[in-house]
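Structure first, then comments.
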Amino acid sequence: MFPTPFTYHRAASVADALQLLQQYGDSGKILAGGHSLLPVMKLRFAQPEHIIDITGIDELRAITITDDAVTIGALVTHHELATNPEIAVTVPLLGQMARVVGDQQVRNMGTIGGALAHADPAADYPAGMLALDATVIATGPSGTRDIPIGEFFQGFLTTALEPDEVLTAVRVPAPPSGASCAYEKLPNPASGYATVGVAVVASRASDGTLATLRIGITGSSDVAYRAHDVENALIGTAPDADSIRAAAATATDGVEMLADKHAPAAYRARVTRNLTRRAIERALA
Ligand SMILES: Cc1cc2nc3c(=O)[nH]c(=O)nc-3n(C[C@H](O)[C@H](O)[C@H](O)COP(=O)(O)OP(=O)(O)OC[C@H]3O[C@@H](n4cnc5c(N)ncnc54)[C@H](O)[C@@H]3O)c2cc1C
């Protein structure tokens, strides 16, 4: 199916994109890699009259690494994150996730900003961003604001971004000293999207007990979430196989599981608990 007709605009700067968003209001839509927007336009789930292409804004392609944080511009592609040697050292979880997004074509075109702004419940990054305790940076008519990742994903394809804001970057704090990470995913065999994906960031205190454990889960419900019950059960303990298994069994407590033809709710819940256990074990191994 073809999209409904639209007018194409190429923004030269963030200010230009903001001005176009203001001018066209609800009928305007930002275009980044196009690998989520164009499919929904072809299906006519979205029918924007004005497309605002931001891919010419070079400042949105920057990756800035300091002692405290890595700041990734909205237009950084999945391929760049998958292959960047500095990302592999500073935030290896990002590279791990980027490498399992879709296929090479999707990774070449798709951007981290587009993936976060789209908030697909089966997207990979939301799990990792929750585990990394990231902050989304958005710029709108009244300036730039930080959105803690815990407040960013609000529901099915819904985020805290305002319609007149551009997601300009995401800031990932440096993981705690000695931290390790893991991402476990059951991909949909056709699309590669996460039927379930579980990301873990963990660190130990000098006595071997768990000092940090952050677990982000995607694919299981209509919005990615932190598995706080699992984290709280294990932080401060020296976990073994039994305690990890028992804690991971609570990963779906109180969460309404998605159900579709690929994975009924009970199956998804079981996969979520198993991948949570595996991701914790792998991060701690
Ligand atoms: C075949 C296929 C397989 C895929 N498999 C996976 C997978 O395994 N895992 C996974 O996580 N994803 C997967 N994806 C999705 C892919 O990662 C997309 O690239 C990504 O979700 C959207 O990024 P984009 O740059 O293409 O955004 P676009 O499609 O251009 O935009 C998506 C949405 O975000 C908005 N937007 C984009 N950038 C910004 C911005 N900077 N500020 C504000 N709003 C913005 C747009 O207006 C639009 O609403 C797959 C896609 C396809 C087509």
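Each chain of the structure tokens is named A, B, ... in the order shown, its residues numbered from 1; ligands are numbered from 1 in display order.
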Point to revise | Test item, alpha helix (DSSP H) assignment across range 50-247 of chain A, answer as a PyMOL selection string | key: chain A and resi 78-83+85-90+92-99+104-109+112-118+125-132+149-152+228-234+241-247
**Study point:** 7 Å shell around ligand 1 using only C-alpha atoms and all ligand atoms, listed as a ChimeraX atom specification
**Key:** /A:29-39,74-75,100-103,106-107,109-115,117-118,120,122-125,165-168,187,191-194
**Study point:** All strand (DSSP E or B) positions in range 165-202 of chain A, as a ChimeraX atom specification
**Key:** /A:166-173,180-187,194-202
Point to revise | Of the listed residues A:Asn84, A:Ala246, A:Leu161, A:Asp67, that which approaches Pro173 in chain A most closely, counting only C-alpha atoms | key: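 Between A:Asn84, A:Ala246, A:Leu161, A:Asp67, the residue approaching Pro173 in chain A most closely is A:Asp67.
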Point to revise | Spatial neighbours of Asp146 in chain A, 8 Å, only C-alpha atoms, chain gap at least 4 places, as a count of residues only | key: 4
Might you pull out every residue within 7 Å of range 179-184 of chain A, with only C-alpha atoms counted and same-chain residues fewer than 3 positions away left off, and present them as a PDB file with C-alpha atoms, in the first residue's frame?
```
ATOM      1  CA  LEU A  93      25.413  -3.156  26.592  1.00  0.00           C
ATOM      2  CA  GLN A  96      25.173  -5.809  22.378  1.00  0.00           C
ATOM      3  CA  MET A  97      21.642  -4.523  21.821  1.00  0.00           C
ATOM      4  CA  PRO A 175      28.183   2.310  34.567  1.00  0.00           C
ATOM      5  CA  PRO A 176      29.413   1.733  38.165  1.00  0.00           C
ATOM      6  CA  GLY A 197      14.271  -8.845  25.722  1.00  0.00           C
ATOM      7  CA  VAL A 198      15.934  -8.514  29.126  1.00  0.00           C
ATOM      8  CA  ALA A 199      18.867  -6.195  29.832  1.00  0.00           C
ATOM      9  CA  VAL A 200      20.901  -6.331  33.044  1.00  0.00           C
ATOM     10  CA  VAL A 201      23.549  -4.046  34.531  1.00  0.00           C
ATOM     11  CA  ALA A 202      25.174  -5.391  37.700  1.00  0.00           C
ATOM     12  CA  SER A 203      28.099  -4.598  39.970  1.00  0.00           C
ATOM     13  CA  LEU A 275      15.483 -14.688  30.131  1.00  0.00           C
ATOM     14  CA  ALA A 279      20.603 -12.352  31.796  1.00  0.00           C
ATOM     15  CA  ARG A 282      25.406 -14.049  32.316  1.00  0.00           C
ATOM     16  CA  ALA A 283      26.037 -10.561  33.717  1.00  0.00           C
ATOM     17  CA  LEU A 284      27.447 -12.074  36.911  1.00  0.00           C
TER      18      LEU A 284
END
```
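A straight line drawn from CA of Thr139 in chain A to CA of Ile65 in chain A is 20.6 Å long.
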Check your understanding: Smallest atom-to-atom distance to Val91 in chain A: which of A:Gln105, A:Thr276, A:Ser177, A:Thr195, using only C-alpha atoms?
Key -> A:Ser177
Study note, to complete from the structure: Using only C-alpha atoms, the best pick from A:Ala251, A:Pro163, A:Met1, A:Arg44 as closest to Asp26 in chain A would be A:Pro163
Exercise for review: Go through A:Ala205, A:Leu213, A:Ala46, A:Leu60 one by one, measure the shortest atom-to-atom distance of each to Ile72 in chain A using only C-alpha atoms, and give the residue with the smallest value.
Suggested key: A:Leu60
Point to revise | Top pick for closest residue to Met257 in chain A, considering A:Val196, A:Ile149, A:Ala190, A:Ala15 and counting only C-alpha atoms | key: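 Under the stated criterion, the closest residue is A:Val196.
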Practice item. Pick out the residues sitting within 12 Å of Gly28 in chain A, and hand them over as number ranges by chain; count only C-alpha atoms, and ignore anything fewer than 5 positions along from it in its own chain. Key: A: 6-9, 17-23, 46-53, 163-165
**Study point:** For Pro121 in chain A: contacts at 10 Å, only C-alpha atoms, fewer than 6 positions along chain excluded, given as a ChimeraX atom specification
**Key:** /A:127,153,155-158,193-196,217-224,258
Create the file for the chosen residues now, containing C-alpha atoms and written as an mmCIF file, in the first residue's frame.
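Result saved to result_30.cif:
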```cif
data_model
loop_
_atom_site.group_PDB
_atom_site.id
_atom_site.type_symbol
_atom_site.label_atom_id
_atom_site.label_comp_id
_atom_site.auth_asym_id
_atom_site.auth_seq_id
_atom_site.Cartn_x
_atom_site.Cartn_y
_atom_site.Cartn_z
ATOM 1 C CA ALA A 127 15.220 -2.539 28.021
ATOM 2 C CA PHE A 153 8.042 5.316 28.122
ATOM 3 C CA GLY A 155 2.487 3.211 27.060
ATOM 4 C CA PHE A 156 2.005 1.554 23.681
ATOM 5 C CA LEU A 157 3.907 3.742 21.150
ATOM 6 C CA THR A 158 3.627 6.585 23.676
ATOM 7 C CA TYR A 193 11.958 -7.633 16.999
ATOM 8 C CA ALA A 194 12.084 -8.758 20.627
ATOM 9 C CA THR A 195 9.317 -11.148 21.567
ATOM 10 C CA VAL A 196 10.980 -10.597 24.936
ATOM 11 C CA ILE A 217 12.405 -5.748 30.233
ATOM 12 C CA THR A 218 10.937 -5.161 26.777
ATOM 13 C CA GLY A 219 8.470 -7.096 24.631
ATOM 14 C CA SER A 220 6.525 -8.578 27.539
ATOM 15 C CA SER A 221 3.972 -5.832 28.034
ATOM 16 C CA ASP A 222 2.832 -2.770 26.107
ATOM 17 C CA VAL A 223 5.524 -0.669 27.777
ATOM 18 C CA ALA A 224 9.074 -1.568 28.812
ATOM 19 C CA LEU A 258 1.070 -8.943 25.852
#
```
